[in-house]
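A.B. asks: work_15.txt is reproduced below (compact mmCIF, C-alpha atoms).
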```txt
# COMPACT_ATOMS: atom_id res chain seq x y z
CA MET A 1 0.00 0.00 0.00
CA ALA A 2 1.60 3.21 -1.15
CA TYR A 3 0.93 6.23 1.10
CA ALA A 4 2.59 8.49 -1.33
CA ASP A 5 2.71 12.23 -0.66
CA LYS A 6 2.79 13.10 3.01
CA VAL A 7 1.39 16.61 3.22
CA ASP A 8 0.26 19.03 5.89
CA ILE A 9 -3.17 17.58 6.39
CA ARG A 10 -3.23 16.07 9.82
CA PHE A 11 -5.94 15.61 12.24
CA SER A 12 -6.27 14.16 15.65
CA LEU A 13 -9.31 12.84 17.38
CA GLN A 14 -7.75 14.23 20.55
CA VAL A 15 -7.70 17.72 19.05
CA ILE A 16 -11.31 17.41 17.92
CA ASN A 17 -12.25 16.18 21.39
CA ALA A 18 -10.39 19.09 22.99
CA PHE A 19 -12.22 21.46 20.65
CA LYS A 20 -15.55 19.84 21.52
CA ASN A 21 -14.74 20.25 25.23
CA ASP A 22 -13.85 23.90 24.65
CA VAL A 23 -17.10 24.54 22.81
CA GLU A 24 -19.07 22.76 25.53
CA SER A 25 -17.26 24.90 28.08
CA MET A 26 -18.21 27.92 26.01
CA ARG A 27 -21.82 26.77 26.05
CA GLY A 28 -21.62 26.48 29.86
CA GLN A 29 -20.11 29.95 30.15
CA ALA A 30 -22.78 31.34 27.84
CA ASP A 31 -25.47 29.78 30.01
CA SER A 32 -23.86 31.22 33.18
CA LEU A 33 -23.67 34.58 31.46
CA ARG A 34 -27.36 34.38 30.56
CA HIS A 35 -28.28 33.49 34.17
CA GLU A 36 -26.15 36.36 35.44
CA VAL A 37 -27.74 38.80 33.00
CA VAL A 38 -31.27 37.61 33.83
CA SER A 39 -30.56 37.95 37.56
CA SER A 40 -29.00 41.40 37.16
CA TYR A 41 -31.86 42.48 34.88
CA GLN A 42 -34.48 41.37 37.42
CA THR A 43 -32.66 43.19 40.23
CA ALA A 44 -32.28 46.35 38.14
CA GLU A 45 -35.90 46.19 36.94
CA LYS A 46 -37.16 45.77 40.54
CA TYR A 47 -35.00 48.69 41.70
CA ILE A 48 -36.31 50.95 38.91
CA GLU A 49 -39.93 49.88 39.54
CA GLU A 50 -39.53 50.74 43.23
CA LYS A 51 -37.90 54.04 42.34
CA ILE A 52 -40.72 54.95 39.91
CA LYS A 53 -43.33 53.94 42.50
CA TYR A 54 -41.58 56.12 45.12
CA ILE A 55 -41.52 59.04 42.66
CA LYS A 56 -45.24 58.54 41.92
CA ASP A 57 -46.01 58.54 45.66
CA CYS A 58 -44.03 61.80 45.98
CA GLN A 59 -45.92 63.22 42.99
CA ASP A 60 -49.24 62.35 44.66
CA ILE A 61 -48.12 64.20 47.81
CA ASN A 62 -46.86 67.09 45.67
CA ASN A 63 -50.22 67.27 43.83
CA THR A 64 -52.13 67.21 47.12
CA ASP A 65 -49.87 69.95 48.50
CA ALA A 66 -50.38 71.98 45.31
CA ASP A 67 -54.19 71.61 45.59
CA ASN A 68 -54.20 72.53 49.27
CA ALA A 69 -51.85 75.46 48.71
CA ARG A 70 -53.95 76.73 45.80
CA LYS A 71 -57.19 76.50 47.82
CA PHE A 72 -55.55 78.10 50.85
CA SER A 73 -54.12 80.90 48.71
CA GLN A 74 -57.54 81.50 47.15
CA SER A 75 -59.05 81.79 50.65
CA LEU A 76 -56.17 84.02 51.64
CA GLN A 77 -56.67 86.26 48.60
CA LYS A 78 -60.36 86.59 49.38
CA ALA A 79 -59.57 87.41 53.02
CA ILE A 80 -57.02 90.02 51.92
CA TRP A 81 -59.47 91.54 49.48
CA ASP A 82 -62.25 91.62 52.10
CA THR A 83 -59.88 93.05 54.73
CA GLU A 84 -58.64 95.73 52.35
CA LYS A 85 -62.24 96.74 51.70
CA GLU A 86 -62.97 96.71 55.39
CA LEU A 87 -59.85 98.78 56.08
CA GLU A 88 -60.95 101.33 53.53
CA LYS A 89 -64.30 101.58 55.26
CA ARG A 90 -62.68 101.89 58.64
CA GLU A 91 -60.32 104.57 57.34
CA ARG A 92 -63.28 106.49 56.03
CA LEU A 93 -65.12 105.99 59.31
CA CYS A 94 -62.11 107.25 61.24
CA ASN A 95 -61.92 110.30 59.05
CA GLU A 96 -65.62 110.93 59.50
CA LEU A 97 -65.40 110.45 63.28
CA TYR A 98 -62.36 112.68 63.37
CA GLU A 99 -64.40 115.35 61.66
CA ALA A 100 -67.22 114.77 64.13
CA LYS A 101 -64.82 114.91 67.04
CA SER A 102 -63.32 118.17 65.76
CA LYS A 103 -66.74 119.64 65.30
CA ALA A 104 -67.79 118.56 68.78
CA TYR A 105 -64.69 120.14 70.24
CA ASN A 106 -65.16 123.36 68.30
CA HIS A 107 -68.77 123.40 69.46
CA TYR A 108 -67.70 122.85 73.03
CA ASP A 109 -65.03 125.54 72.69
CA SER A 110 -67.60 127.95 71.34
CA VAL A 111 -70.18 127.12 74.01
CA LYS A 112 -67.61 127.25 76.75
CA SER A 113 -66.32 130.66 75.71
CA LYS A 114 -69.82 131.96 76.04
CA ALA A 115 -70.64 130.20 79.23
CA SER A 116 -70.93 132.16 82.40
CA ASN A 117 -72.54 131.72 85.76
CA ASP A 118 -74.23 134.98 85.09
CA LYS A 119 -75.96 133.49 82.12
CA PRO A 120 -78.23 130.78 83.28
CA GLY A 121 -78.04 127.54 81.38
CA THR A 122 -74.80 128.31 79.57
CA MET A 123 -72.63 126.29 81.95
CA GLU A 124 -74.92 123.30 81.57
CA ALA A 125 -74.76 123.74 77.78
CA ALA A 126 -70.98 123.78 77.96
CA SER A 127 -71.05 120.60 80.07
CA ARG A 128 -73.30 118.87 77.56
CA ALA A 129 -71.05 120.03 74.71
CA TRP A 130 -68.09 118.50 76.54
CA ASP A 131 -69.93 115.24 77.01
CA ALA A 132 -70.79 115.25 73.34
CA TYR A 133 -67.17 115.86 72.53
CA GLU A 134 -66.09 113.03 74.83
CA ARG A 135 -68.47 110.61 73.08
CA ALA A 136 -67.24 111.76 69.69
CA ARG A 137 -63.63 111.31 70.83
CA LYS A 138 -64.33 107.86 72.22
CA ALA A 139 -66.14 106.86 69.04
CA TYR A 140 -63.15 108.08 67.06
CA ASP A 141 -60.65 106.30 69.33
CA ASP A 142 -62.66 103.06 69.11
CA ALA A 143 -62.81 103.36 65.34
CA CYS A 144 -59.05 103.99 65.21
CA THR A 145 -58.47 100.92 67.39
CA GLU A 146 -60.59 98.79 65.10
CA ARG A 147 -58.92 100.28 62.04
CA ASP A 148 -55.50 99.45 63.51
CA ALA A 149 -56.67 95.91 64.27
CA CYS A 150 -57.91 95.63 60.70
CA LYS A 151 -54.58 96.88 59.46
CA SER A 152 -52.75 94.34 61.63
CA ARG A 153 -55.00 91.63 60.27
CA LEU A 154 -54.23 92.76 56.75
CA ASP A 155 -50.49 92.77 57.52
CA ALA A 156 -50.73 89.24 58.93
CA LEU A 157 -52.65 88.09 55.85
CA LYS A 158 -50.06 89.67 53.56
CA ARG A 159 -47.21 88.07 55.45
CA ALA A 160 -49.01 84.74 55.06
CA GLU A 161 -49.44 85.53 51.37
CA ASN A 162 -45.69 86.12 51.05
CA ASP A 163 -45.01 82.86 52.87
CA MET A 164 -47.40 81.07 50.51
CA TYR A 165 -45.47 82.46 47.54
CA TRP A 166 -42.43 80.67 48.96
CA VAL A 167 -44.48 77.48 49.49
CA HIS A 168 -45.85 77.63 45.91
CA ASP A 169 -42.33 78.14 44.60
CA LYS A 170 -41.06 75.11 46.54
CA ILE A 171 -44.01 72.98 45.41
CA HIS A 172 -43.32 73.96 41.80
CA LYS A 173 -39.59 73.21 42.14
CA ASP A 174 -40.48 69.85 43.71
CA TYR A 175 -42.83 69.22 40.78
CA ILE A 176 -40.07 69.99 38.26
CA GLU A 177 -37.56 67.81 40.10
CA LEU A 178 -40.03 64.93 40.37
CA SER A 179 -40.92 65.21 36.68
CA GLU A 180 -37.22 65.10 35.77
CA GLU A 181 -36.67 62.08 38.02
CA GLU A 182 -39.70 60.36 36.53
CA SER A 183 -38.43 61.02 32.99
CA PHE A 184 -34.94 59.81 33.92
CA PHE A 185 -36.14 56.52 35.41
CA ASN A 186 -38.69 55.93 32.64
CA ARG A 187 -35.90 56.37 30.10
CA LEU A 188 -33.63 54.10 32.16
CA SER A 189 -36.39 51.49 32.32
CA ASN A 190 -36.84 51.65 28.53
CA ASP A 191 -33.09 51.46 27.96
CA LEU A 192 -32.83 48.49 30.29
CA ARG A 193 -35.72 46.64 28.61
CA HIS A 194 -34.34 47.29 25.13
CA ALA A 195 -30.82 46.22 26.20
CA TYR A 196 -32.26 43.05 27.72
CA GLU A 197 -34.33 42.22 24.65
CA ARG A 198 -31.26 42.86 22.46
CA PHE A 199 -29.15 40.62 24.70
CA CYS A 200 -31.76 37.83 24.60
CA SER A 201 -31.84 38.02 20.82
CA GLN A 202 -28.03 37.96 20.58
CA TYR A 203 -27.83 35.15 23.12
CA LYS A 204 -30.34 33.08 21.14
CA LYS A 205 -28.34 33.65 17.98
CA ALA A 206 -25.02 32.77 19.67
CA ALA A 207 -26.50 29.74 21.47
CA ASN A 208 -27.87 28.42 18.16
CA GLU A 209 -24.48 28.96 16.58
CA ILE A 210 -22.75 27.08 19.42
CA GLU A 211 -25.22 24.20 19.08
CA LEU A 212 -24.58 24.11 15.34
CA VAL A 213 -20.82 24.06 15.96
CA LEU A 214 -21.25 21.23 18.45
CA GLY A 215 -23.38 19.32 15.93
CA HIS A 216 -20.83 19.86 13.20
CA THR A 217 -18.02 18.90 15.56
CA ALA A 218 -19.77 15.64 16.43
CA THR A 219 -20.29 14.94 12.71
CA ALA A 220 -16.65 15.80 11.97
CA TYR A 221 -15.55 13.55 14.82
CA ASN A 222 -17.60 10.68 13.39
CA HIS A 223 -16.18 11.16 9.91
CA ALA A 224 -12.64 11.44 11.29
CA ASN A 225 -13.18 8.39 13.43
CA ARG A 226 -14.42 6.51 10.38
CA ALA A 227 -11.27 7.53 8.48
CA VAL A 228 -9.07 6.46 11.40
CA ASN A 229 -10.78 3.07 11.52
CA ILE A 230 -10.41 2.59 7.76
CA ILE A 231 -6.71 3.46 8.01
CA GLY A 232 -6.35 1.02 10.88
CA GLU A 233 -8.12 -1.64 8.88
CA MET A 234 -5.84 -1.00 5.90
CA HIS A 235 -2.83 -1.27 8.19
CA GLY A 236 -4.31 -4.43 9.55
CA LYS A 237 -4.34 -3.13 13.06
CA SER A 238 -6.64 -1.29 15.40
CA VAL A 239 -6.00 2.40 15.76
CA GLY A 240 -7.11 3.87 19.08
CA THR A 241 -8.99 7.12 19.04
CA SER A 242 -6.31 8.71 21.19
CA ASN A 243 -3.59 8.21 18.58
CA GLU A 244 -2.69 11.08 16.37
CA ILE A 245 -2.75 9.98 12.78
CA ASP A 246 -0.82 11.36 9.87
CA ILE A 247 -2.55 10.62 6.63
CA THR A 248 -2.19 11.56 3.03
CA SER A 249 -4.03 14.39 1.49
CA ILE A 250 -7.30 13.73 -0.20
CA SER A 251 -5.70 14.22 -3.57
CA ALA A 252 -3.01 11.74 -2.64
CA VAL A 253 -5.69 9.33 -1.52
CA TYR A 254 -7.49 9.79 -4.81
CA ARG A 255 -4.26 9.28 -6.71
CA THR A 256 -3.58 6.17 -4.69
CA SER A 257 -7.10 5.03 -5.38
CA GLU A 258 -6.59 5.60 -9.09
CA ARG A 259 -3.34 3.68 -8.93
CA MET A 260 -5.15 0.90 -7.16
CA ASP A 261 -7.69 0.84 -10.00
CA SER A 262 -4.91 0.44 -12.57
CA VAL A 263 -3.27 -2.21 -10.40
CA ASN A 264 -6.57 -4.00 -10.22
CA GLU A 265 -6.93 -3.77 -13.99
CA ALA A 266 -3.41 -5.20 -14.36
CA ASN A 267 -4.25 -7.84 -11.82
CA ARG A 268 -7.36 -8.74 -13.74
CA GLU A 269 -5.32 -9.06 -16.96
CA GLN A 270 -2.77 -11.13 -15.10
CA ASP A 271 -5.55 -13.18 -13.71
CA LYS A 272 -6.98 -13.84 -17.17
CA GLU A 273 -3.52 -14.71 -18.41
CA ALA A 274 -2.99 -16.96 -15.42
CA LYS A 275 -6.29 -18.65 -16.13
CA ARG A 276 -5.34 -19.08 -19.75
CA GLN A 277 -1.99 -20.48 -18.63
CA VAL A 278 -3.72 -22.77 -16.22
CA GLU A 279 -6.07 -23.93 -18.94
CA ARG A 280 -3.17 -24.60 -21.28
CA TYR A 281 -1.33 -26.23 -18.42
CA ASN A 282 -4.37 -28.33 -17.72
CA GLU A 283 -4.70 -29.31 -21.32
CA LEU A 284 -1.08 -30.42 -21.42
CA ILE A 285 -0.61 -32.13 -18.17
CA ILE A 286 -3.81 -32.47 -16.33
CA ASP A 287 -4.30 -35.98 -17.39
CA ASN A 288 -0.62 -36.90 -16.91
CA ILE A 289 0.36 -35.21 -13.68
CA MET A 290 0.09 -36.87 -10.39
CA PRO A 291 -2.79 -35.92 -8.03
CA ALA A 292 -0.16 -34.15 -5.90
CA VAL A 293 0.42 -31.65 -8.74
CA ARG A 294 -3.32 -31.08 -8.97
CA GLU A 295 -3.31 -30.34 -5.26
CA ALA A 296 -0.48 -27.83 -5.76
CA TYR A 297 -2.51 -26.13 -8.50
CA ARG A 298 -5.44 -25.76 -6.16
CA ASP A 299 -3.13 -24.06 -3.61
CA ILE A 300 -1.84 -21.66 -6.27
CA SER A 301 -5.35 -20.93 -7.39
CA LYS A 302 -6.45 -20.19 -3.83
CA THR A 303 -3.47 -17.82 -3.37
CA VAL A 304 -4.31 -15.96 -6.55
CA THR A 305 -7.91 -15.61 -5.41
CA ARG A 306 -6.84 -14.27 -2.01
CA VAL A 307 -4.54 -11.72 -3.64
CA LEU A 308 -7.33 -10.56 -5.92
CA GLU A 309 -9.78 -10.32 -3.04
CA ALA A 310 -7.24 -8.42 -0.93
CA ASN A 311 -6.66 -5.94 -3.75
CA GLU A 312 -10.38 -5.38 -4.21
CA ARG A 313 -10.83 -4.94 -0.46
CA LYS A 314 -8.05 -2.37 -0.31
CA ALA A 315 -9.48 -0.50 -3.27
CA SER A 316 -12.86 -0.41 -1.58
CA LEU A 317 -11.31 0.82 1.67
CA MET A 318 -9.42 3.56 -0.17
CA LYS A 319 -12.67 4.77 -1.69
CA ASP A 320 -14.33 4.71 1.75
CA LEU A 321 -11.39 6.60 3.23
CA ALA A 322 -11.54 9.21 0.50
CA GLN A 323 -15.26 9.62 1.12
CA ALA A 324 -14.80 9.82 4.92
CA LEU A 325 -12.09 12.46 4.54
CA GLN A 326 -14.15 14.40 2.04
CA ASN A 327 -17.07 14.37 4.50
CA TYR A 328 -14.73 15.52 7.31
CA TYR A 329 -13.35 18.45 5.33
CA ASP A 330 -16.82 19.41 4.17
CA VAL A 331 -17.74 19.85 7.83
CA VAL A 332 -14.67 21.66 9.16
CA MET B 333 -24.04 43.44 36.92
CA ALA B 334 -23.19 40.46 34.73
CA LYS B 335 -19.50 39.76 35.23
CA VAL B 336 -19.16 36.50 33.31
CA TYR B 337 -17.60 36.58 29.86
CA VAL B 338 -17.37 33.79 27.33
CA GLU B 339 -13.78 32.81 26.62
CA PRO B 340 -12.67 32.20 23.04
CA ILE B 341 -11.77 28.68 21.93
CA LYS B 342 -8.31 27.67 23.17
CA SER B 343 -7.81 24.32 21.43
CA ASP B 344 -5.62 24.27 18.32
CA TRP B 345 -7.99 22.48 15.96
CA LYS B 346 -8.20 25.69 14.00
CA ASP B 347 -4.42 25.60 13.54
CA ASP B 348 -4.65 22.17 12.01
CA VAL B 349 -7.38 22.65 9.50
CA GLY B 350 -8.14 26.40 9.59
CA GLY B 351 -11.54 25.30 10.80
CA ARG B 352 -14.79 26.94 9.94
CA GLN B 353 -16.14 25.61 13.23
CA SER B 354 -13.47 27.40 15.30
CA ARG B 355 -14.30 30.65 13.58
CA ALA B 356 -18.04 30.07 14.04
CA ALA B 357 -17.60 29.28 17.75
CA ASN B 358 -15.38 32.30 18.33
CA GLN B 359 -17.81 34.47 16.39
CA ALA B 360 -20.58 33.26 18.72
CA ALA B 361 -18.36 34.12 21.72
CA GLU B 362 -17.72 37.59 20.30
CA THR B 363 -21.45 38.12 19.70
CA LEU B 364 -22.22 37.14 23.29
CA ASN B 365 -19.42 39.22 24.78
CA ALA B 366 -20.47 42.26 22.75
CA ALA B 367 -24.09 41.82 23.90
CA ALA B 368 -22.89 41.38 27.50
CA ALA B 369 -20.74 44.52 27.24
CA ARG B 370 -23.74 46.52 25.98
CA ILE B 371 -26.14 45.36 28.68
CA ASN B 372 -23.40 45.77 31.31
CA GLU B 373 -23.17 49.42 30.31
CA THR B 374 -26.92 49.74 31.02
CA PHE B 375 -26.47 47.91 34.34
CA ARG B 376 -23.69 50.36 35.24
CA GLU B 377 -26.03 53.24 34.40
CA VAL B 378 -28.63 51.73 36.75
CA GLU B 379 -25.97 51.45 39.46
CA ARG B 380 -24.91 55.06 38.94
CA SER B 381 -28.57 56.12 39.23
CA GLN B 382 -28.56 54.85 42.83
CA SER B 383 -26.41 57.82 43.83
CA ARG B 384 -29.04 60.30 42.61
CA GLN B 385 -30.48 62.31 45.50
CA LEU B 386 -34.13 63.27 45.40
CA ASN B 387 -34.63 66.30 47.63
CA PHE B 388 -38.37 66.03 47.78
CA LYS B 389 -40.18 66.68 51.04
CA PRO B 390 -43.89 67.19 51.61
CA ARG B 391 -44.91 70.86 51.92
CA THR B 392 -48.02 70.01 53.94
CA PRO B 393 -46.36 70.95 57.28
CA GLU B 394 -45.37 74.37 55.92
CA ILE B 395 -48.93 75.09 54.72
CA VAL B 396 -50.33 73.91 58.06
CA GLU B 397 -47.80 76.07 59.95
CA ILE B 398 -48.90 79.19 58.00
CA GLN B 399 -52.57 78.37 58.64
CA GLU B 400 -51.92 77.88 62.35
CA ARG B 401 -49.91 81.09 62.56
CA LEU B 402 -52.78 82.99 60.93
CA GLU B 403 -55.19 81.46 63.41
CA ARG B 404 -52.91 82.45 66.26
CA GLU B 405 -52.41 85.98 65.03
CA LEU B 406 -56.00 86.64 64.00
CA GLY B 407 -57.71 84.55 66.59
CA VAL B 408 -60.04 82.92 64.12
```
Show me this structure written as C-alpha cells.
C.D. replies:
Amino acid sequence: MAYADKVDIRFSLQVINAFKNDVESMRGQADSLRHEVVSSYQTAEKYIEEKIKYIKDCQDINNTDADNARKFSQSLQKAIWDTEKELEKRERLCNELYEAKSKAYNHYDSVKSKASNDKPGTMEAASRAWDAYERARKAYDDACTERDACKSRLDALKRAENDMYWVHDKIHKDYIELSEEESFFNRLSNDLRHAYERFCSQYKKAANEIELVLGHTATAYNHANRAVNIIGEMHGKSVGTSNEIDITSISAVYRTSERMDSVNEANREQDKEAKRQVERYNELIIDNIMPAVREAYRDISKTVTRVLEANERKASLMKDLAQALQNYYDVV
Amino acid sequence: MAKVYVEPIKSDWKDDVGGRQSRAANQAAETLNAAAARINETFREVERSQSRQLNFKPRTPEIVEIQERLERELGV
C-alpha cells in the first residue's frame, strides 16, 4: 500500500475532542452569562420599579400639596381683598369720626367761651357740649383701634401671602424635580428593557451557533473516526482514538485510489492470463500429472484468489477513506 | 451586573485545518461578549442612578404652619 505524498493535512481525534470540550465549556459559560444577565436584569428592573413607585407617591403628595396650597391661597386672597375693603371703610369711618370729634370740640369751645354763671343755662350747655365731645372722641378712638386691628390683620394676611409664595415656589420646584426624576427613570427602564431584549436576541443567535458548531463537531468527529478506523483496517491493526494519525491528502488518496484501479486492472489481466496459462497447463498435463500436482494447482489458485480479493478490499477501503475524509473536510 | 464573559476557543484544531467551526464558535463568543458589554453598560447606568439624591419633602407641614400662625395671630 503506497501512502505516497505526506502533506500538511493532519488531524487528531484528541484535538477534535479538545475542541468539543472547549465549545461545551463555552456553552456552559454562555449559560452562566445568561443566568447572570437575567438575575441582574431582574434586580435592576425591581429597583427601577420601586424608584418609579416612590416618585409617583411623591408626585401624589406634591399634587395634594399643590391643591391645598392653591385652595388656601384662594381663601387668603379673598380674606385680603375683604380686609382691604374693610380697612378702607374703617379709614373712612375714622376720618368721619375725626371730623365729628373736631366739630364737637369746636362746638364745646364755642359754648364754653360763652358760658358764664351769670348766664343761666350756659354752663350746663358747655357741660353737655363736653360730654358730646367726649363721646365723639371715644367713638373716634374706638374706630381707630378697630382700624389698627384691621390693618394688623391685613399685615398678617399679607405676610401669610408672602409665605405662601415661597411654598408655591417650593411645590413647583419639587414638581419639576419629580418630573425630571420620573423622565430619567422611565428612560432608564426603557433602555434596560431594550438592552435586555437585544441581549436575549443575541444570546439566542449565539447559542444556536454554538449548538450548530457542536453538531458539526460531532459529525466531523464521526467522519474522522471513520477515516481512522479505515486506516487502521488498511494497516491491519486497530487504531485507538487517542492516537494522532498522519494521513495523506485527499488528492493523494485519490491518486492512490486511481493507482489501485490500474493495479486491479493489471491484476485482472494477469488473472486472465494466469487462467489461460492454467487452462493450457491443464490441457497439457492435467491428465498426466500426479494428483499431488493437482493439489499444488489448487493451492496456487487459492493464493491468486486471495490476492485478488485483498486488492479489491483495499481498493474499496481507499474509496471509503476518501469519502470519509471528504465528509470531514466538508464539515470543518 | 453580569460579570461572566465567554472565553474564546483555546484548542488548536483551528491551527490544524483552519476550521470553519473554530471561527463560528469564536464568532458566537464575540457576539455574546459584545451583547454582555452593551447590557453591562446599562447595568452600570442603573448602578450610577442609585447615587441620585431626590430632595423632595412634603410641603403640607409648611402650609399647616402658616394656617396655624394665621389662626394664632388673628384669633379665628
A.B. asks: For atom CA of Leu87 of chain A and atom CA of Leu406 of chain B, quote the distance in Å rounded to one decimal.
C.D. replies: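 One can read the atom CA of Leu87 of chain A to atom CA of Leu406 of chain B distance as 15.0 Å.
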A.B. asks: Contacts of segment 24-27 of chain A at 9 Å or less, counting all atoms listed in the file, minus same-chain residues fewer than 4 places along, as a PDB file with C-alpha atoms, in the frame of the given file?
C.D. replies:
```pdb
ATOM      1  CA  PHE A  19     -12.220  21.460  20.650  1.00  0.00           C
ATOM      2  CA  LYS A  20     -15.550  19.840  21.520  1.00  0.00           C
ATOM      3  CA  ASP A  31     -25.470  29.780  30.010  1.00  0.00           C
ATOM      4  CA  SER A  32     -23.860  31.220  33.180  1.00  0.00           C
ATOM      5  CA  ALA A 207     -26.500  29.740  21.470  1.00  0.00           C
ATOM      6  CA  ILE A 210     -22.750  27.080  19.420  1.00  0.00           C
ATOM      7  CA  GLU A 211     -25.220  24.200  19.080  1.00  0.00           C
ATOM      8  CA  LEU A 214     -21.250  21.230  18.450  1.00  0.00           C
TER       9      LEU A 214
ATOM     10  CA  VAL B 338     -17.370  33.790  27.330  1.00  0.00           C
ATOM     11  CA  GLU B 339     -13.780  32.810  26.620  1.00  0.00           C
ATOM     12  CA  PRO B 340     -12.670  32.200  23.040  1.00  0.00           C
ATOM     13  CA  ILE B 341     -11.770  28.680  21.930  1.00  0.00           C
ATOM     14  CA  ALA B 357     -17.600  29.280  17.750  1.00  0.00           C
ATOM     15  CA  ALA B 361     -18.360  34.120  21.720  1.00  0.00           C
TER      16      ALA B 361
END
```
A.B. asks: Can you pull out every residue within 9 Å of segment 124-134 of chain A, counting all atoms listed in the file, but drop anything in the same chain fewer than 5 positions away, and send it as a PyMOL selection string?
C.D. replies: chain A and resi 100-115+139
A.B. asks: For the atom pair atom CA of Glu394 of chain B and atom CA of Lys78 of chain A, what is the interatomic distance in Å to one decimal place?
C.D. replies: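 Calculated distance between atom CA of Glu394 of chain B and atom CA of Lys78 of chain A is 20.4 Å.
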A.B. asks: List as a PyMOL selection string the protein and nucleic acid residues near Pro390 of chain B, meaning an atom at most 8 Å away when all atoms listed in the file are counted, but skip any in the same chain fewer than 2 places from it.
C.D. replies: (chain A and resi 58+61-62+65) or (chain B and resi 388+392-393)
A.B. asks: What is the atom CA of Ile48 of chain A-atom CA of Ser201 of chain A distance in Å, reported with one decimal?
C.D. replies: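 Computed distance, atom CA of Ile48 of chain A to atom CA of Ser201 of chain A, equals 22.7 Å.
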A.B. asks: Report as JSON lines the residues of chain A within 6 Å of chain B, each with its shortest atom pair and distance in Å (one decimal), using all atoms listed in the file, ordered by chain and increasing residue number.
C.D. replies:
```
{"residue": "A:Val15", "atom": "CA", "partner": "B:Trp345", "partner_atom": "CA", "distance": 5.7}
{"residue": "A:Phe19", "atom": "CA", "partner": "B:Ser343", "partner_atom": "CA", "distance": 5.3}
{"residue": "A:Asp22", "atom": "CA", "partner": "B:Ile341", "partner_atom": "CA", "distance": 5.9}
{"residue": "A:Gln29", "atom": "CA", "partner": "B:Val338", "partner_atom": "CA", "distance": 5.5}
{"residue": "A:Ala30", "atom": "CA", "partner": "B:Val338", "partner_atom": "CA", "distance": 6.0}
{"residue": "A:Leu33", "atom": "CA", "partner": "B:Val336", "partner_atom": "CA", "distance": 5.2}
{"residue": "A:Glu36", "atom": "CA", "partner": "B:Ala334", "partner_atom": "CA", "distance": 5.1}
{"residue": "A:Val37", "atom": "CA", "partner": "B:Ala334", "partner_atom": "CA", "distance": 5.1}
{"residue": "A:Ser40", "atom": "CA", "partner": "B:Met333", "partner_atom": "CA", "distance": 5.4}
{"residue": "A:Asp65", "atom": "CA", "partner": "B:Thr392", "partner_atom": "CA", "distance": 5.7}
{"residue": "A:Asp174", "atom": "CA", "partner": "B:Phe388", "partner_atom": "CA", "distance": 6.0}
{"residue": "A:Ala195", "atom": "CA", "partner": "B:Ile371", "partner_atom": "CA", "distance": 5.4}
{"residue": "A:Phe199", "atom": "CA", "partner": "B:Ala367", "partner_atom": "CA", "distance": 5.3}
{"residue": "A:Tyr203", "atom": "CA", "partner": "B:Leu364", "partner_atom": "CA", "distance": 6.0}
{"residue": "A:Ala206", "atom": "CA", "partner": "B:Ala360", "partner_atom": "CA", "distance": 4.6}
{"residue": "A:Ile210", "atom": "CA", "partner": "B:Ala357", "partner_atom": "CA", "distance": 5.8}
{"residue": "A:Val213", "atom": "CA", "partner": "B:Gln353", "partner_atom": "CA", "distance": 5.6}
{"residue": "A:Val332", "atom": "CA", "partner": "B:Gly351", "partner_atom": "CA", "distance": 5.1}
```
A.B. asks: Do a neighbour search on segment 141-152 of chain A at 10 Å with only C-alpha atoms, toss out local chain neighbours closer than 2 positions, and write the hits as a PyMOL selection string.
C.D. replies: (chain A and resi 83-84+86-98+101+135-139+154-158) or (chain B and resi 405-406)
A.B. asks: Mind dumping the selected residues with C-alpha atoms as a PDB file, in the coordinates of the input?
C.D. replies:
```
ATOM      1  CA  THR A  83     -59.880  93.050  54.730  1.00  0.00           C
ATOM      2  CA  GLU A  84     -58.640  95.730  52.350  1.00  0.00           C
ATOM      3  CA  GLU A  86     -62.970  96.710  55.390  1.00  0.00           C
ATOM      4  CA  LEU A  87     -59.850  98.780  56.080  1.00  0.00           C
ATOM      5  CA  GLU A  88     -60.950 101.330  53.530  1.00  0.00           C
ATOM      6  CA  LYS A  89     -64.300 101.580  55.260  1.00  0.00           C
ATOM      7  CA  ARG A  90     -62.680 101.890  58.640  1.00  0.00           C
ATOM      8  CA  GLU A  91     -60.320 104.570  57.340  1.00  0.00           C
ATOM      9  CA  ARG A  92     -63.280 106.490  56.030  1.00  0.00           C
ATOM     10  CA  LEU A  93     -65.120 105.990  59.310  1.00  0.00           C
ATOM     11  CA  CYS A  94     -62.110 107.250  61.240  1.00  0.00           C
ATOM     12  CA  ASN A  95     -61.920 110.300  59.050  1.00  0.00           C
ATOM     13  CA  GLU A  96     -65.620 110.930  59.500  1.00  0.00           C
ATOM     14  CA  LEU A  97     -65.400 110.450  63.280  1.00  0.00           C
ATOM     15  CA  TYR A  98     -62.360 112.680  63.370  1.00  0.00           C
ATOM     16  CA  LYS A 101     -64.820 114.910  67.040  1.00  0.00           C
ATOM     17  CA  ARG A 135     -68.470 110.610  73.080  1.00  0.00           C
ATOM     18  CA  ALA A 136     -67.240 111.760  69.690  1.00  0.00           C
ATOM     19  CA  ARG A 137     -63.630 111.310  70.830  1.00  0.00           C
ATOM     20  CA  LYS A 138     -64.330 107.860  72.220  1.00  0.00           C
ATOM     21  CA  ALA A 139     -66.140 106.860  69.040  1.00  0.00           C
ATOM     22  CA  LEU A 154     -54.230  92.760  56.750  1.00  0.00           C
ATOM     23  CA  ASP A 155     -50.490  92.770  57.520  1.00  0.00           C
ATOM     24  CA  ALA A 156     -50.730  89.240  58.930  1.00  0.00           C
ATOM     25  CA  LEU A 157     -52.650  88.090  55.850  1.00  0.00           C
ATOM     26  CA  LYS A 158     -50.060  89.670  53.560  1.00  0.00           C
TER      27      LYS A 158
ATOM     28  CA  GLU B 405     -52.410  85.980  65.030  1.00  0.00           C
ATOM     29  CA  LEU B 406     -56.000  86.640  64.000  1.00  0.00           C
TER      30      LEU B 406
END
```
A.B. asks: Which residue out of A:His223, A:Gln270, A:Asn63, A:Glu265 has the minimum interatomic distance to Gln323 of chain A when all atoms listed in the file are used?
C.D. replies: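 Under the stated criterion, the closest residue is A:His223.
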A.B. asks: Residues at most 7 Å from segment 177-191 of chain A, counting all atoms listed in the file, excluding those fewer than 6 positions away in the same chain, as a VMD selection string?
C.D. replies: chain A and resid 48 52 55 59
